[in-house]
>>> print(open('structure.pdb').read())   # PDB, C-alpha atoms (C1' of nucleotides)
ATOM      1  CA  MET B  91      91.659  69.690  73.516
ATOM      2  CA  LYS B  92      94.235  68.496  75.988
ATOM      3  CA  GLU B  93      93.747  69.560  79.571
ATOM      4  CA  LEU B  94      96.776  70.960  81.353
ATOM      5  CA  SER B  95      97.720  69.174  84.536
ATOM      6  CA  LYS B  96      98.699  70.810  87.764
ATOM      7  CA  GLU B  97     102.285  69.779  86.969
ATOM      8  CA  PHE B  98     102.363  72.219  84.040
ATOM      9  CA  PHE B  99     102.598  75.027  86.566
ATOM     10  CA  LYS B 100     105.618  73.539  88.330
ATOM     11  CA  GLN B 101     108.121  75.482  86.279
ATOM     12  CA  ASP B 102     109.627  78.923  85.852
ATOM     13  CA  THR B 103     106.995  81.650  86.312
ATOM     14  CA  VAL B 104     107.985  83.602  83.219
ATOM     15  CA  LYS B 105     107.789  80.466  81.075
ATOM     16  CA  VAL B 106     104.346  79.657  82.431
ATOM     17  CA  ALA B 107     103.177  83.193  81.711
ATOM     18  CA  LYS B 108     104.264  82.935  78.098
ATOM     19  CA  LYS B 109     102.968  79.404  77.568
ATOM     20  CA  LEU B 110      99.550  80.294  78.941
ATOM     21  CA  LEU B 111      98.935  82.660  76.036
ATOM     22  CA  GLY B 112      96.418  81.135  73.664
ATOM     23  CA  LYS B 113      95.281  78.516  76.171
ATOM     24  CA  ILE B 114      91.606  78.092  76.905
ATOM     25  CA  ILE B 115      90.276  78.748  80.384
ATOM     26  CA  VAL B 116      87.027  77.035  81.320
ATOM     27  CA  ILE B 117      85.033  78.031  84.378
ATOM     28  CA  GLY B 118      81.626  76.441  84.613
ATOM     29  CA  ASP B 119      79.962  76.945  81.230
ATOM     30  CA  LEU B 120      82.169  79.866  80.254
ATOM     31  CA  LYS B 121      85.149  79.596  77.942
ATOM     32  CA  GLY B 122      87.796  82.148  77.106
ATOM     33  CA  ARG B 123      91.180  82.373  75.451
ATOM     34  CA  ILE B 124      93.990  83.806  77.538
ATOM     35  CA  VAL B 125      95.504  86.755  75.668
ATOM     36  CA  GLU B 126      97.454  88.657  78.294
ATOM     37  CA  THR B 127      99.439  87.424  81.275
ATOM     38  CA  GLU B 128     101.919  88.824  83.724
ATOM     39  CA  ALA B 129     104.618  86.998  85.624
ATOM     40  CA  TYR B 130     105.033  87.765  89.306
ATOM     41  CA  GLY B 131     108.170  86.541  90.959
ATOM     42  CA  LYS B 132     110.263  87.786  93.776
ATOM     43  CA  ASP B 133     110.261  91.503  93.144
ATOM     44  CA  PRO B 134     109.054  94.216  95.516
ATOM     45  CA  ALA B 135     105.889  94.926  93.532
ATOM     46  CA  SER B 136     104.751  91.330  93.932
ATOM     47  CA  HIS B 137     102.856  89.622  96.704
ATOM     48  CA  ALA B 138     105.539  86.964  96.286
ATOM     49  CA  PHE B 139     108.149  89.336  97.657
ATOM     50  CA  LYS B 140     107.145  88.699 101.219
ATOM     51  CA  ARG B 141     105.382  85.753 102.755
ATOM     52  CA  THR B 142     102.185  86.733 104.572
ATOM     53  CA  GLU B 143      99.035  84.825 105.409
ATOM     54  CA  ARG B 144      97.507  85.962 102.125
ATOM     55  CA  SER B 145     100.524  85.324  99.939
ATOM     56  CA  ALA B 146     101.555  82.006 101.509
ATOM     57  CA  ILE B 147      99.822  80.138  98.684
ATOM     58  CA  MET B 148     102.404  81.576  96.278
ATOM     59  CA  PHE B 149     105.195  80.117  98.379
ATOM     60  CA  ASP B 150     103.670  76.749  99.186
ATOM     61  CA  THR B 151     101.897  75.603  96.033
ATOM     62  CA  TYR B 152     101.906  75.381  92.280
ATOM     63  CA  GLY B 153      98.873  74.828  90.085
ATOM     64  CA  HIS B 154      96.569  76.554  92.543
ATOM     65  CA  VAL B 155      94.236  79.488  92.035
ATOM     66  CA  TYR B 156      95.109  82.686  93.895
ATOM     67  CA  VAL B 157      92.353  85.307  93.945
ATOM     68  CA  TYR B 158      92.578  88.582  95.827
ATOM     69  CA  LEU B 159      90.554  91.752  96.035
ATOM     70  CA  ILE B 160      92.134  94.951  94.758
ATOM     71  CA  TYR B 161      91.010  98.519  95.432
ATOM     72  CA  GLY B 162      88.133  97.139  97.427
ATOM     73  CA  MET B 163      86.135  96.431  94.301
ATOM     74  CA  TYR B 164      87.897  94.206  91.817
ATOM     75  CA  ASN B 165      89.182  90.674  91.955
ATOM     76  CA  CYS B 166      92.310  89.426  90.218
ATOM     77  CA  ILE B 167      92.987  85.803  89.335
ATOM     78  CA  ASN B 168      96.438  84.226  89.386
ATOM     79  CA  PHE B 169      97.803  80.720  89.006
ATOM     80  CA  THR B 170     100.623  79.744  91.343
ATOM     81  CA  THR B 171     103.845  78.475  89.815
ATOM     82  CA  GLU B 172     107.287  77.041  90.604
ATOM     83  CA  LYS B 173     108.047  74.150  92.915
ATOM     84  CA  GLU B 174     107.074  74.394  96.554
ATOM     85  CA  THR B 175     109.296  76.804  98.489
ATOM     86  CA  VAL B 176     109.796  79.041  95.436
ATOM     87  CA  PRO B 177     107.217  81.843  95.310
ATOM     88  CA  GLY B 178     105.584  82.819  92.046
ATOM     89  CA  ALA B 179     102.333  83.274  90.202
ATOM     90  CA  VAL B 180     100.987  84.364  86.847
ATOM     91  CA  LEU B 181      98.305  87.029  86.764
ATOM     92  CA  ILE B 182      95.724  86.530  84.039
ATOM     93  CA  ARG B 183      95.277  90.050  82.711
ATOM     94  CA  ALA B 184      92.950  89.525  79.780
ATOM     95  CA  VAL B 185      90.877  86.893  78.075
ATOM     96  CA  GLU B 186      89.004  86.720  74.796
ATOM     97  CA  PRO B 187      85.527  85.423  75.656
ATOM     98  CA  LEU B 188      84.494  82.509  73.440
ATOM     99  CA  ASN B 189      80.896  81.831  74.433
ATOM    100  CA  GLU B 190      78.039  83.132  76.581
ATOM    101  CA  ILE B 191      78.743  86.582  75.189
ATOM    102  CA  GLU B 192      75.297  87.891  76.075
ATOM    103  CA  LEU B 193      75.643  86.788  79.686
ATOM    104  CA  ILE B 194      79.044  88.443  79.884
ATOM    105  CA  LYS B 195      77.714  91.661  78.370
ATOM    106  CA  GLN B 196      75.076  91.743  81.085
ATOM    107  CA  ARG B 197      77.596  91.138  83.845
ATOM    108  CA  ARG B 198      79.958  93.737  82.444
ATOM    109  CA  LYS B 199      77.183  96.203  81.635
ATOM    110  CA  THR B 200      78.617  96.946  78.209
ATOM    111  CA  ASN B 201      78.052  95.898  74.622
ATOM    112  CA  LYS B 202      81.570  96.485  73.383
ATOM    113  CA  LYS B 203      83.272  93.180  72.663
ATOM    114  CA  ASP B 204      86.751  94.530  73.252
ATOM    115  CA  ASN B 205      85.717  95.785  76.659
ATOM    116  CA  LEU B 206      84.366  92.533  78.074
ATOM    117  CA  CYS B 207      87.448  90.849  79.508
ATOM    118  CA  SER B 208      90.313  93.208  78.626
ATOM    119  CA  GLY B 209      91.646  93.648  82.138
ATOM    120  CA  PRO B 210      92.157  91.569  85.268
ATOM    121  CA  GLY B 211      89.182  93.069  87.104
ATOM    122  CA  LYS B 212      86.990  92.913  84.034
ATOM    123  CA  LEU B 213      87.543  89.240  83.359
ATOM    124  CA  CYS B 214      86.770  88.355  86.966
ATOM    125  CA  GLN B 215      83.516  90.282  86.648
ATOM    126  CA  ALA B 216      82.721  88.569  83.359
ATOM    127  CA  PHE B 217      83.482  85.057  84.654
ATOM    128  CA  ASP B 218      82.074  85.725  88.126
ATOM    129  CA  ILE B 219      85.385  84.972  89.803
ATOM    130  CA  ASP B 220      85.813  85.958  93.434
ATOM    131  CA  LYS B 221      87.528  84.693  96.549
ATOM    132  CA  ARG B 222      85.494  81.532  96.653
ATOM    133  CA  TYR B 223      87.919  80.255  94.000
ATOM    134  CA  ASN B 224      90.978  81.117  96.077
ATOM    135  CA  ASN B 225      93.219  78.179  96.922
ATOM    136  CA  LEU B 226      91.454  75.708  94.626
ATOM    137  CA  VAL B 227      93.573  73.328  92.584
ATOM    138  CA  ILE B 228      93.536  73.945  88.844
ATOM    139  CA  GLY B 229      91.693  71.121  87.121
ATOM    140  CA  ASN B 230      88.551  71.157  89.212
ATOM    141  CA  GLU B 231      86.311  74.232  89.107
ATOM    142  CA  ILE B 232      88.797  75.956  86.819
ATOM    143  CA  LYS B 233      90.352  74.057  83.930
ATOM    144  CA  ILE B 234      92.951  75.088  81.388
ATOM    145  CA  TYR B 235      93.167  73.486  77.954
ATOM    146  CA  ASP B 236      95.779  73.515  75.281
ATOM    147  CA  ASP B 237      94.330  74.716  72.015
ATOM    148  CA  LYS B 238      96.304  74.589  68.814
ATOM    149  CA  PHE B 239      96.479  78.341  68.927
ATOM    150  CA  LYS B 240      93.724  79.132  66.493
ATOM    151  CA  LEU B 241      93.357  82.802  67.178
ATOM    152  CA  ASN B 242      90.605  85.017  65.998
ATOM    153  CA  HIS B 243      91.701  88.535  65.398
ATOM    154  CA  PHE B 244      91.713  90.135  68.787
ATOM    155  CA  LYS B 245      93.853  93.079  69.525
ATOM    156  CA  ILE B 246      94.812  93.597  73.071
ATOM    157  CA  GLY B 247      97.859  95.084  74.696
ATOM    158  CA  GLN B 248      96.362  98.406  75.528
ATOM    159  CA  SER B 249      99.412 100.421  76.312
ATOM    160  CA  SER B 250      97.183 103.172  77.666
ATOM    161  CA  ARG B 251      96.021 100.879  80.423
ATOM    162  CA  ILE B 252      99.173 101.200  82.312
ATOM    163  CA  GLY B 253      99.609 102.480  85.780
ATOM    164  CA  ILE B 254     101.901 100.750  88.112
ATOM    165  CA  LYS B 255     103.103 104.125  89.278
ATOM    166  CA  ASP B 256     106.460 104.063  90.903
ATOM    167  CA  ALA B 257     106.398 100.550  92.227
ATOM    168  CA  LEU B 258     109.517  98.623  91.373
ATOM    169  CA  HIS B 259     108.205  96.304  88.758
ATOM    170  CA  LEU B 260     110.653  94.114  86.995
ATOM    171  CA  GLU B 261     108.727  91.196  85.703
ATOM    172  CA  TRP B 262     107.381  90.436  82.294
ATOM    173  CA  ARG B 263     104.055  90.879  80.631
ATOM    174  CA  PHE B 264     102.992  88.891  77.594
ATOM    175  CA  TYR B 265     100.427  89.843  75.004
ATOM    176  CA  ILE B 266      98.833  88.292  72.015
ATOM    177  CA  ILE B 267      98.886  91.266  69.716
ATOM    178  CA  ASP B 268      97.054  89.748  66.754
ATOM    179  CA  ASN B 269      96.577  86.469  64.969
ATOM    180  CA  GLU B 270     100.229  85.756  64.560
ATOM    181  CA  HIS B 271     102.256  87.628  67.090
ATOM    182  CA  VAL B 272     102.927  86.901  70.690
ATOM    183  CA  SER B 273     104.956  89.576  72.345
ATOM    184  CA  LYS B 274     107.006  89.774  75.450
ATOM    185  CA  VAL B 275     106.960  93.216  76.957
ATOM    186  CA  LYS B 276     109.485  94.589  79.369
ATOM    187  CA  ILE B 277     107.756  96.903  81.777
ATOM    188  CA  ASN B 278     109.159 100.408  82.133
ATOM    189  CA  GLN B 279     109.015 101.071  85.844
ATOM    190  CA  LYS B 280     108.292 104.767  85.626
ATOM    191  CA  ASN B 281     106.158 105.014  82.527
ATOM    192  CA  GLU B 282     104.458 101.890  81.368
ATOM    193  CA  LYS B 283     103.587 103.526  78.061
ATOM    194  CA  LYS B 284     107.280 103.352  77.313
ATOM    195  CA  SER B 285     107.397  99.627  77.964
ATOM    196  CA  GLN B 286     109.176  97.782  75.212
ATOM    197  CA  ILE B 287     108.281  94.792  73.120
ATOM    198  CA  ILE B 288     111.271  92.496  73.393
ATOM    199  CA  ASP B 289     110.472  89.701  70.965
ATOM    200  CA  ASN B 290     107.730  88.104  68.948
TER     201      ASN B 290
ATOM    202  C1'  DT Y  54      93.053  99.047 117.411
ATOM    203  C1'  DA Y  55      93.845 102.376 113.826
ATOM    204  C1'  DC Y  56      95.681 103.685 109.689
ATOM    205  C1'  DT Y  57      97.362 103.311 104.848
ATOM    206  C1'  DG Y  58      97.256 102.304 100.226
ATOM    207  C1'  DG Y  59      96.790  99.004  96.351
ATOM    208  C1'  DA Y  60      98.941  93.639  90.396
ATOM    209  C1'  DT Y  61      91.857  98.509  88.723
ATOM    210  C1'  DT Y  62      88.110 100.512  86.423
ATOM    211  C1'  DC Y  63      85.043 104.056  85.105
ATOM    212  C1'  DA Y  64      83.025 108.606  84.628
ATOM    213  C1'  DC Y  65      83.993 112.953  83.653
ATOM    214  C1'  DT Y  66      86.655 116.929  81.695
TER     215       DT Y  66
ATOM    216  C1'  DG P  39      94.372 113.282  81.828
ATOM    217  C1'  DT P  40      92.371 113.173  86.507
ATOM    218  C1'  DG P  41      89.993 111.677  90.415
ATOM    219  C1'  DA P  42      86.702 108.754  92.874
ATOM    220  C1'  DA P  43      84.895 104.376  94.288
ATOM    221  C1'  DT P  44      85.632 100.770  98.065
ATOM    222  C1'  DC P  45      87.430  97.155 101.392
ATOM    223  C1'  DC P  46      90.672  94.559 103.568
ATOM    224  C1'  DA P  47      95.628  92.856 104.133
ATOM    225  C1'  DG P  48      99.526  94.471 106.090
ATOM    226  C1'  DT P  49     101.744  97.163 109.403
ATOM    227  C1'  DA P  50     102.708  99.965 113.318
ATOM    228  C1'  DA P  51     101.729 100.976 117.868
TER     229       DA P  51
END
>>> encode(input="structure.pdb", output="structure tokens")
Amino acid sequence: MKELSKEFFKQDTVKVAKKLLGKIIVIGDLKGRIVETEAYGKDPASHAFKRTERSAIMFDTYGHVYVYLIYGMYNCINFTTEKETVPGAVLIRAVEPLNEIELIKQRRKTNKKDNLCSGPGKLCQAFDIDKRYNNLVIGNEIKIYDDKFKLNHFKIGQSSRIGIKDALHLEWRFYIIDNEHVSKVKINQKNEKKSQIIDN
DNA sequence: TACTGGATTCACT
DNA sequence: GTGAATCCAGTAA
């Protein structure tokens, strides 16, 4: 498997989000396939909308790991994108775990395979990701590999797990729906259940 | 210094 | 479908 370099992330955020689908993320001994991503650019729902101490990494870097705590209990992992000076990041929303399943079941306190890493907070729990990974360069503790897209059947894209409320949310989300289809979903700002699949 | 609310998840109805 | 858990970044004063 070919390892992605930091330079891979120095391009359009939406393109990175789509290209990351099917890639393999390796953290320590754990491996997973990225099956859902979301592109965050300069829109008001994004930390990239305004530069703050926390979000500066999205403005100043590409190919870095951005981890933040949400709702006081869950971490979310992003990879920064675009050239320096252009803010952007891709949120990793879901992963298909590929090994250490028993360990992950323990960490997640569930036995259901589809419930192990099917959400940004869940996958951070499963892979033990927290703020100690924030600001690290991709390629060290966290590596991403190209994989010739050999998907097992893994349905994701849970349209019920939608709740951005009334935040203005214009960016794109990408799912692997099944073995063959990769879908680009346009988020409906008011009702995410009505979000539309744009292409395959 | 104090207050507000969130790129979520889970238990419960 | 609804509400609670939980903490800290961002903001206002």
>>> interface_residues(input="structure.pdb", of="chain P", to="chain B", cutoff="12 Å", atoms="only C-alpha atoms (C1' of nucleotides)", output="ChimeraX atom specification")
/P:39,42-49
>>> interface_residues(input="structure.pdb", of="chain Y", to="chain B", cutoff="10 Å", atoms="only C-alpha atoms (C1' of nucleotides)", output="ChimeraX atom specification")
/Y:58-62
>>> resolve_selection(input="structure.pdb", expression="the PyMOL selection byres ((chain B and resi 172) around 8)", output="number ranges by chain")
B: 99-103, 151-152, 170-171, 173-174, 176-179
>>> resolve_selection(input="structure.pdb", expression="the PyMOL selection byres ((chain Y and resi 65) around 12)", output="PyMOL selection string")
(chain Y and resi 63-64+66) or (chain P and resi 39-42)
>>> atom_distance(input="structure.pdb", atom1="atom CA of Asp133 of chain B", atom2="atom CA of Ala107 of chain B")
15.8 Å
>>> residues_near_point(input="structure.pdb", point="(92.2, 75.4, 81.7)", cutoff="7 Å", atoms="only C-alpha atoms (C1' of nucleotides)", output="list in words")
Glu93, Leu94, Ile114, Ile115, Val116, Gly229, Ile232, Lys233, Ile234 and Tyr235 of chain B
>>> atom_distance(input="structure.pdb", atom1="atom CA of Arg263 of chain B", atom2="atom CA of Thr127 of chain B")
5.8 Å
>>> decode(input="structure.pdb", residues="segment 123-234 of chain B", atoms="C-alpha atoms", output="mmCIF file, in the first residue's frame")
data_model
loop_
_atom_site.group_PDB
_atom_site.id
_atom_site.type_symbol
_atom_site.label_atom_id
_atom_site.label_comp_id
_atom_site.auth_asym_id
_atom_site.auth_seq_id
_atom_site.Cartn_x
_atom_site.Cartn_y
_atom_site.Cartn_z
ATOM 1 C CA ARG B 123 -11.098 2.194 6.072
ATOM 2 C CA ILE B 124 -12.466 5.704 5.738
ATOM 3 C CA VAL B 125 -16.098 5.487 4.622
ATOM 4 C CA GLU B 126 -17.546 8.895 5.400
ATOM 5 C CA THR B 127 -15.988 12.343 5.219
ATOM 6 C CA GLU B 128 -17.144 15.914 5.325
ATOM 7 C CA ALA B 129 -15.516 18.948 3.782
ATOM 8 C CA TYR B 130 -15.249 22.085 5.881
ATOM 9 C CA GLY B 131 -14.354 25.259 4.094
ATOM 10 C CA LYS B 132 -15.169 28.851 4.639
ATOM 11 C CA ASP B 133 -18.803 28.668 5.625
ATOM 12 C CA PRO B 134 -20.351 29.924 8.862
ATOM 13 C CA ALA B 135 -20.860 26.437 10.291
ATOM 14 C CA SER B 136 -17.143 25.722 10.050
ATOM 15 C CA HIS B 137 -14.312 26.484 12.415
ATOM 16 C CA ALA B 138 -12.584 27.670 9.246
ATOM 17 C CA PHE B 139 -14.987 30.582 8.987
ATOM 18 C CA LYS B 140 -13.124 32.604 11.545
ATOM 19 C CA ARG B 141 -9.536 32.408 12.652
ATOM 20 C CA THR B 142 -9.178 31.823 16.395
ATOM 21 C CA GLU B 143 -6.438 30.287 18.491
ATOM 22 C CA ARG B 144 -8.100 26.893 18.128
ATOM 23 C CA SER B 145 -8.841 27.109 14.427
ATOM 24 C CA ALA B 146 -5.539 28.700 13.374
ATOM 25 C CA ILE B 147 -4.231 25.282 12.334
ATOM 26 C CA MET B 148 -6.862 25.219 9.579
ATOM 27 C CA PHE B 149 -5.539 28.494 8.219
ATOM 28 C CA ASP B 150 -1.825 27.859 8.578
ATOM 29 C CA THR B 151 -1.273 24.224 7.641
ATOM 30 C CA TYR B 152 -2.165 21.348 5.389
ATOM 31 C CA GLY B 153 -1.593 17.684 6.142
ATOM 32 C CA HIS B 154 -1.947 18.221 9.873
ATOM 33 C CA VAL B 155 -4.282 16.574 12.352
ATOM 34 C CA TYR B 156 -6.909 18.811 13.947
ATOM 35 C CA VAL B 157 -8.692 17.294 16.944
ATOM 36 C CA TYR B 158 -11.234 19.138 19.053
ATOM 37 C CA LEU B 159 -13.650 18.255 21.805
ATOM 38 C CA ILE B 160 -17.356 18.552 21.074
ATOM 39 C CA TYR B 161 -20.213 18.634 23.580
ATOM 40 C CA GLY B 162 -17.687 18.200 26.336
ATOM 41 C CA MET B 163 -17.482 14.476 25.738
ATOM 42 C CA TYR B 164 -16.548 13.531 22.209
ATOM 43 C CA ASN B 165 -13.524 14.175 20.065
ATOM 44 C CA CYS B 166 -13.594 14.756 16.321
ATOM 45 C CA ILE B 167 -10.645 14.223 14.002
ATOM 46 C CA ASN B 168 -9.960 16.347 10.933
ATOM 47 C CA PHE B 169 -7.131 16.651 8.442
ATOM 48 C CA THR B 170 -6.193 20.163 7.372
ATOM 49 C CA THR B 171 -6.203 20.961 3.671
ATOM 50 C CA GLU B 172 -5.435 23.655 1.087
ATOM 51 C CA LYS B 173 -2.251 25.672 0.814
ATOM 52 C CA GLU B 174 -1.191 27.844 3.714
ATOM 53 C CA THR B 175 -3.376 30.940 4.078
ATOM 54 C CA VAL B 176 -6.459 29.112 2.764
ATOM 55 C CA PRO B 177 -8.502 27.588 5.595
ATOM 56 C CA GLY B 178 -9.985 24.130 5.263
ATOM 57 C CA ALA B 179 -10.197 20.674 6.744
ATOM 58 C CA VAL B 180 -11.878 17.339 6.189
ATOM 59 C CA LEU B 181 -13.759 15.771 9.072
ATOM 60 C CA ILE B 182 -13.496 11.997 9.208
ATOM 61 C CA ARG B 183 -17.048 10.980 10.047
ATOM 62 C CA ALA B 184 -16.880 7.210 9.869
ATOM 63 C CA VAL B 185 -14.457 4.367 9.447
ATOM 64 C CA GLU B 186 -14.823 0.650 8.864
ATOM 65 C CA PRO B 187 -12.566 -1.029 11.434
ATOM 66 C CA LEU B 188 -10.271 -3.617 9.854
ATOM 67 C CA ASN B 189 -8.522 -5.223 12.814
ATOM 68 C CA GLU B 190 -8.445 -5.311 16.616
ATOM 69 C CA ILE B 191 -12.216 -5.643 16.549
ATOM 70 C CA GLU B 192 -12.378 -7.071 20.058
ATOM 71 C CA LEU B 193 -10.380 -4.183 21.487
ATOM 72 C CA ILE B 194 -12.643 -1.717 19.713
ATOM 73 C CA LYS B 195 -15.765 -3.466 20.981
ATOM 74 C CA GLN B 196 -14.440 -3.079 24.507
ATOM 75 C CA ARG B 197 -13.654 0.595 24.035
ATOM 76 C CA ARG B 198 -17.020 1.250 22.442
ATOM 77 C CA LYS B 199 -18.905 -0.948 24.901
ATOM 78 C CA THR B 200 -20.926 -2.582 22.147
ATOM 79 C CA ASN B 201 -20.870 -5.766 20.110
ATOM 80 C CA LYS B 202 -22.587 -4.408 17.034
ATOM 81 C CA LYS B 203 -20.121 -4.132 14.174
ATOM 82 C CA ASP B 204 -22.004 -1.342 12.458
ATOM 83 C CA ASN B 205 -21.936 0.695 15.635
ATOM 84 C CA LEU B 206 -18.194 0.645 16.259
ATOM 85 C CA CYS B 207 -16.921 3.581 14.219
ATOM 86 C CA SER B 208 -20.028 4.935 12.470
ATOM 87 C CA GLY B 209 -19.719 8.505 13.680
ATOM 88 C CA PRO B 210 -16.993 11.053 14.357
ATOM 89 C CA GLY B 211 -17.164 10.668 18.136
ATOM 90 C CA LYS B 212 -17.411 6.907 17.914
ATOM 91 C CA LEU B 213 -14.326 6.450 15.786
ATOM 92 C CA CYS B 214 -12.273 8.634 18.111
ATOM 93 C CA GLN B 215 -13.404 6.460 21.009
ATOM 94 C CA ALA B 216 -12.592 3.303 19.072
ATOM 95 C CA PHE B 217 -9.129 4.495 17.987
ATOM 96 C CA ASP B 218 -8.411 6.295 21.262
ATOM 97 C CA ILE B 219 -7.985 9.637 19.533
ATOM 98 C CA ASP B 220 -7.938 12.762 21.672
ATOM 99 C CA LYS B 221 -6.250 16.136 21.754
ATOM 100 C CA ARG B 222 -2.817 14.655 22.155
ATOM 101 C CA TYR B 223 -2.965 14.084 18.387
ATOM 102 C CA ASN B 224 -3.863 17.700 17.659
ATOM 103 C CA ASN B 225 -1.406 19.544 15.439
ATOM 104 C CA LEU B 226 0.624 16.461 14.511
ATOM 105 C CA VAL B 227 1.749 16.070 10.918
ATOM 106 C CA ILE B 228 0.093 13.243 9.012
ATOM 107 C CA GLY B 229 2.636 10.517 8.341
ATOM 108 C CA ASN B 230 3.937 10.101 11.861
ATOM 109 C CA GLU B 231 1.568 8.833 14.555
ATOM 110 C CA ILE B 232 -1.273 8.821 12.042
ATOM 111 C CA LYS B 233 -0.712 7.460 8.549
ATOM 112 C CA ILE B 234 -3.010 7.271 5.554
#
